[in-house]
Amino acid sequence: MNQLTSTKALQWWQRIRFRGKQRFESLSIKKRGKIPISYLIILPEHATESDLAKRFLVSMRNALGPRKKRNMKLLGPEIIGNLIDINEFNDYIFYNEEDLNRWGMPGKDLTSTCEKISVDTVLDLNQEFASASAALSKIISAPMKLGFYSEEGEKIYNIMIRRKGEDLAESGFKEIFQILGIE
């Protein structure tokens with residue numbers, strides 16, 4: 001089964017399974033409104049994007065400051081976790097091939113672990129659509145879900161960022177920080 005077919009099948013199944021269970025809370029990014037406090041960052045599935053993810057994590061940790069950095073959680077493939085220095089983070093979940101089912105989607109144990117996660121914002125750092133990460137984003141309870149633009153992701157993410165060539169490292173980080181209200 002190709003990735004597009006398995007993604008559509010997963011979305012159909014999740015619509016049936018989670019019908020009526022989704023709760024949507026409003027979350028505004030204003031000086032007087034409620035801003036995101038807790039963040040779940042989904043690491044990219046491809047090792048080629050690990051360098052960019054590492055730079056993003058360092059930038060976000062510096063932007064949040066020492067007290068708020070403990071509100072950052074990481075979720076991603078174990079291979080990428082090994083490439084990124086995670087000594088600064090105390091809350092992370094890494095999965096490997098055994099945690100995925102035969103279609104490459106999250107298995108029962110990983111799904112039940114992710115259903116317990118409740119954060120204000122989910123950030124998916126995959127620049128191209130990745131079905132396992134998208135499935136995890138859909139499972140996690142968060143009022144704001146941010147990812148990069150793809151047709152498949154329109155049903156999953158509230159806010160989607162368009163990639164602008166190779167300038168993603170600088171312009172993309174600034175755009176994400178502006179959306180989240182991080183200065």
# chains A, B, ... in the order shown; residues from 1 in each chain; ligands from 1
>>> residues_around(residues="Ile79 (chain A)", least_positions_apart="6", cutoff="12 Å", atoms="only C-alpha atoms", output="list of chain:residue names")
A:Leu43, A:Pro44, A:Glu45, A:His46, A:Ala47, A:Thr48, A:Glu49, A:Ser50, A:Asp85, A:Phe94, A:Tyr95, A:Asn96, A:Glu97
>>> write_last_selection(atoms="all heavy atoms", output="compact mmCIF listing (two decimals), in the first residue's frame")
# COMPACT_ATOMS: atom_id res chain seq x y z
N LEU A 43 9.78 15.59 15.79
CA LEU A 43 11.03 15.61 15.03
C LEU A 43 10.81 15.04 13.63
O LEU A 43 9.94 14.19 13.43
CB LEU A 43 12.10 14.81 15.76
CG LEU A 43 12.45 15.31 17.16
CD1 LEU A 43 13.42 14.35 17.84
CD2 LEU A 43 13.03 16.70 17.11
N PRO A 44 11.61 15.47 12.66
CA PRO A 44 11.45 14.95 11.30
C PRO A 44 11.79 13.46 11.22
O PRO A 44 12.58 12.95 12.01
CB PRO A 44 12.44 15.79 10.48
CG PRO A 44 13.34 16.42 11.44
CD PRO A 44 12.67 16.47 12.76
N GLU A 45 11.18 12.80 10.25
CA GLU A 45 11.40 11.37 10.08
C GLU A 45 12.65 11.06 9.27
O GLU A 45 13.15 9.95 9.31
CB GLU A 45 10.18 10.73 9.41
CG GLU A 45 8.95 10.73 10.29
CD GLU A 45 7.76 10.05 9.66
OE1 GLU A 45 7.94 9.32 8.66
OE2 GLU A 45 6.65 10.24 10.17
N HIS A 46 13.14 12.03 8.51
CA HIS A 46 14.30 11.80 7.65
C HIS A 46 15.56 12.41 8.27
O HIS A 46 15.53 13.54 8.76
CB HIS A 46 14.07 12.39 6.26
CG HIS A 46 12.86 11.82 5.60
ND1 HIS A 46 12.80 10.52 5.17
CD2 HIS A 46 11.65 12.36 5.33
CE1 HIS A 46 11.61 10.29 4.64
NE2 HIS A 46 10.89 11.40 4.74
N ALA A 47 16.64 11.66 8.23
CA ALA A 47 17.90 12.09 8.84
C ALA A 47 18.46 13.34 8.17
O ALA A 47 19.19 14.10 8.79
CB ALA A 47 18.92 10.96 8.79
N THR A 48 18.10 13.58 6.91
CA THR A 48 18.62 14.76 6.21
C THR A 48 18.10 16.06 6.83
O THR A 48 18.72 17.10 6.68
CB THR A 48 18.24 14.73 4.72
OG1 THR A 48 16.81 14.61 4.61
CG2 THR A 48 18.90 13.56 4.02
N GLU A 49 16.98 16.00 7.53
CA GLU A 49 16.39 17.19 8.15
C GLU A 49 16.77 17.34 9.62
O GLU A 49 16.33 18.26 10.28
CB GLU A 49 14.87 17.15 8.01
CG GLU A 49 14.39 17.16 6.57
CD GLU A 49 12.89 17.00 6.46
OE1 GLU A 49 12.19 17.00 7.50
OE2 GLU A 49 12.40 16.86 5.33
N SER A 50 17.60 16.44 10.13
CA SER A 50 17.94 16.47 11.55
C SER A 50 18.77 17.70 11.92
O SER A 50 18.63 18.24 13.02
CB SER A 50 18.68 15.21 11.96
OG SER A 50 19.92 15.12 11.32
N ASP A 85 21.30 16.34 20.04
CA ASP A 85 21.75 16.33 21.43
C ASP A 85 20.53 16.58 22.33
O ASP A 85 19.99 17.68 22.37
CB ASP A 85 22.81 17.41 21.65
CG ASP A 85 23.37 17.38 23.06
OD1 ASP A 85 23.34 16.30 23.67
OD2 ASP A 85 23.82 18.43 23.52
N PHE A 94 10.70 8.63 22.12
CA PHE A 94 11.26 8.19 20.85
C PHE A 94 10.69 6.83 20.50
O PHE A 94 10.46 6.00 21.38
CB PHE A 94 12.79 8.10 20.92
CG PHE A 94 13.44 9.45 21.05
CD1 PHE A 94 14.47 9.64 21.94
CD2 PHE A 94 13.04 10.52 20.27
CE1 PHE A 94 15.08 10.88 22.07
CE2 PHE A 94 13.64 11.76 20.39
CZ PHE A 94 14.65 11.94 21.28
N TYR A 95 10.44 6.63 19.24
CA TYR A 95 9.92 5.35 18.78
C TYR A 95 10.82 4.80 17.69
O TYR A 95 11.60 5.52 17.09
CB TYR A 95 8.47 5.48 18.28
CG TYR A 95 8.29 6.45 17.13
CD1 TYR A 95 8.41 6.02 15.81
CD2 TYR A 95 7.97 7.78 17.36
CE1 TYR A 95 8.25 6.90 14.76
CE2 TYR A 95 7.81 8.67 16.32
CZ TYR A 95 7.94 8.22 15.01
OH TYR A 95 7.78 9.09 13.97
N ASN A 96 10.71 3.49 17.47
CA ASN A 96 11.50 2.85 16.41
C ASN A 96 10.55 2.07 15.51
O ASN A 96 9.33 2.16 15.65
CB ASN A 96 12.61 1.97 16.99
CG ASN A 96 12.08 0.96 17.97
OD1 ASN A 96 10.94 0.50 17.86
ND2 ASN A 96 12.89 0.60 18.96
N GLU A 97 11.10 1.30 14.59
CA GLU A 97 10.30 0.55 13.62
C GLU A 97 9.33 -0.43 14.29
O GLU A 97 8.27 -0.71 13.76
CB GLU A 97 11.21 -0.21 12.65
CG GLU A 97 12.00 0.70 11.72
CD GLU A 97 11.11 1.43 10.72
OE1 GLU A 97 10.14 0.83 10.22
OE2 GLU A 97 11.39 2.61 10.45
>>> residues_around(residues="Ser38 (chain A)", least_positions_apart="3", cutoff="6 Å", atoms="only C-alpha atoms", output="tab-separated table (two decimals) with C-alpha atoms, in the first residue's frame")
chain	number	residue	atom	x	y	z
A	71	ASN	CA	7.66	23.06	28.75
A	119	VAL	CA	-0.18	20.29	25.23
A	120	ASP	CA	-1.07	23.74	23.93
>>> closest_residue(among="A:Leu110, A:Val58, A:Ala142, A:Ala63", to="Pro77 (chain A)", atoms="only C-alpha atoms")
A:Leu110
>>> atom_distance(atom1="CA of Ile139 (chain A)", atom2="CA of Thr111 (chain A)")
7.2 Å
>>> atom_distance(atom1="CA of Tyr39 (chain A)", atom2="CA of Ile84 (chain A)")
17.6 Å
>>> residues_around(residues="Thr113 (chain A)", least_positions_apart="4", cutoff="10 Å", atoms="only C-alpha atoms", output="list in words")
Ile93, Lys108, Asp109, Ile117, Ile139 and Ile140 of chain A
>>> write_last_selection(atoms="all heavy atoms", output="PDB file, in the first residue's frame")
ATOM      1  N   ILE A  93       9.786  11.358  23.889  1.00  0.00           N
ATOM      2  CA  ILE A  93       9.318  10.018  23.532  1.00  0.00           C
ATOM      3  C   ILE A  93       9.921   9.701  22.172  1.00  0.00           C
ATOM      4  O   ILE A  93       9.694  10.435  21.206  1.00  0.00           O
ATOM      5  CB  ILE A  93       7.784   9.949  23.437  1.00  0.00           C
ATOM      6  CG1 ILE A  93       7.146  10.314  24.767  1.00  0.00           C
ATOM      7  CG2 ILE A  93       7.345   8.567  22.972  1.00  0.00           C
ATOM      8  CD1 ILE A  93       5.650  10.503  24.696  1.00  0.00           C
ATOM      9  N   LYS A 108      -0.376   0.286  18.513  1.00  0.00           N
ATOM     10  CA  LYS A 108      -1.283   0.485  19.645  1.00  0.00           C
ATOM     11  C   LYS A 108      -0.600   1.125  20.851  1.00  0.00           C
ATOM     12  O   LYS A 108      -1.149   2.028  21.472  1.00  0.00           O
ATOM     13  CB  LYS A 108      -1.900  -0.849  20.066  1.00  0.00           C
ATOM     14  CG  LYS A 108      -2.884  -1.400  19.081  1.00  0.00           C
ATOM     15  CD  LYS A 108      -3.460  -2.709  19.565  1.00  0.00           C
ATOM     16  CE  LYS A 108      -4.409  -3.290  18.547  1.00  0.00           C
ATOM     17  NZ  LYS A 108      -4.952  -4.583  18.971  1.00  0.00           N
ATOM     18  N   ASP A 109       0.599   0.655  21.196  1.00  0.00           N
ATOM     19  CA  ASP A 109       1.291   1.199  22.368  1.00  0.00           C
ATOM     20  C   ASP A 109       1.655   2.664  22.166  1.00  0.00           C
ATOM     21  O   ASP A 109       1.463   3.492  23.064  1.00  0.00           O
ATOM     22  CB  ASP A 109       2.552   0.390  22.670  1.00  0.00           C
ATOM     23  CG  ASP A 109       2.236  -1.022  23.131  1.00  0.00           C
ATOM     24  OD1 ASP A 109       1.122  -1.244  23.625  1.00  0.00           O
ATOM     25  OD2 ASP A 109       3.114  -1.894  22.994  1.00  0.00           O
ATOM     26  N   ILE A 117      -1.024  12.554  25.954  1.00  0.00           N
ATOM     27  CA  ILE A 117      -0.308  13.829  25.886  1.00  0.00           C
ATOM     28  C   ILE A 117      -1.311  14.954  25.672  1.00  0.00           C
ATOM     29  O   ILE A 117      -2.163  14.884  24.798  1.00  0.00           O
ATOM     30  CB  ILE A 117       0.718  13.827  24.733  1.00  0.00           C
ATOM     31  CG1 ILE A 117       1.777  12.760  24.966  1.00  0.00           C
ATOM     32  CG2 ILE A 117       1.357  15.199  24.586  1.00  0.00           C
ATOM     33  CD1 ILE A 117       2.720  12.563  23.792  1.00  0.00           C
ATOM     34  N   ILE A 139      -3.529  12.446  16.647  1.00  0.00           N
ATOM     35  CA  ILE A 139      -3.893  11.752  17.880  1.00  0.00           C
ATOM     36  C   ILE A 139      -3.751  12.652  19.108  1.00  0.00           C
ATOM     37  O   ILE A 139      -4.565  12.611  20.027  1.00  0.00           O
ATOM     38  CB  ILE A 139      -3.021  10.489  18.056  1.00  0.00           C
ATOM     39  CG1 ILE A 139      -3.363   9.462  16.980  1.00  0.00           C
ATOM     40  CG2 ILE A 139      -3.172   9.890  19.438  1.00  0.00           C
ATOM     41  CD1 ILE A 139      -2.375   8.323  16.893  1.00  0.00           C
ATOM     42  N   ILE A 140      -2.725  13.485  19.117  1.00  0.00           N
ATOM     43  CA  ILE A 140      -2.399  14.305  20.291  1.00  0.00           C
ATOM     44  C   ILE A 140      -3.413  15.430  20.465  1.00  0.00           C
ATOM     45  O   ILE A 140      -3.791  16.102  19.515  1.00  0.00           O
ATOM     46  CB  ILE A 140      -0.974  14.874  20.158  1.00  0.00           C
ATOM     47  CG1 ILE A 140       0.025  13.721  20.152  1.00  0.00           C
ATOM     48  CG2 ILE A 140      -0.662  15.860  21.268  1.00  0.00           C
ATOM     49  CD1 ILE A 140       1.394  14.089  19.705  1.00  0.00           C
TER      50      ILE A 140
END
>>> residues_around(residues="Ser137 (chain A)", least_positions_apart="3", cutoff="9 Å", atoms="only C-alpha atoms", output="ChimeraX atom specification")
/A:42,114,122-124,132-134,140-142,145,156-157
>>> residues_around(residues="Ser150 (chain A)", least_positions_apart="2", cutoff="9 Å", atoms="only C-alpha atoms", output="NGL selection string")
:A and (128-129 or 147-148 or 152-154 or 160 or 162)
>>> select_by_dssp(residues="region 54-100 of chain A", states="helix (DSSP H, G or I)", output="ChimeraX atom specification")
/A:54-71,78-83,97-99
>>> closest_residue(among="A:Leu52, A:Leu74, A:Ile80, A:Met144", to="Pro36 (chain A)", atoms="only C-alpha atoms")
A:Met144
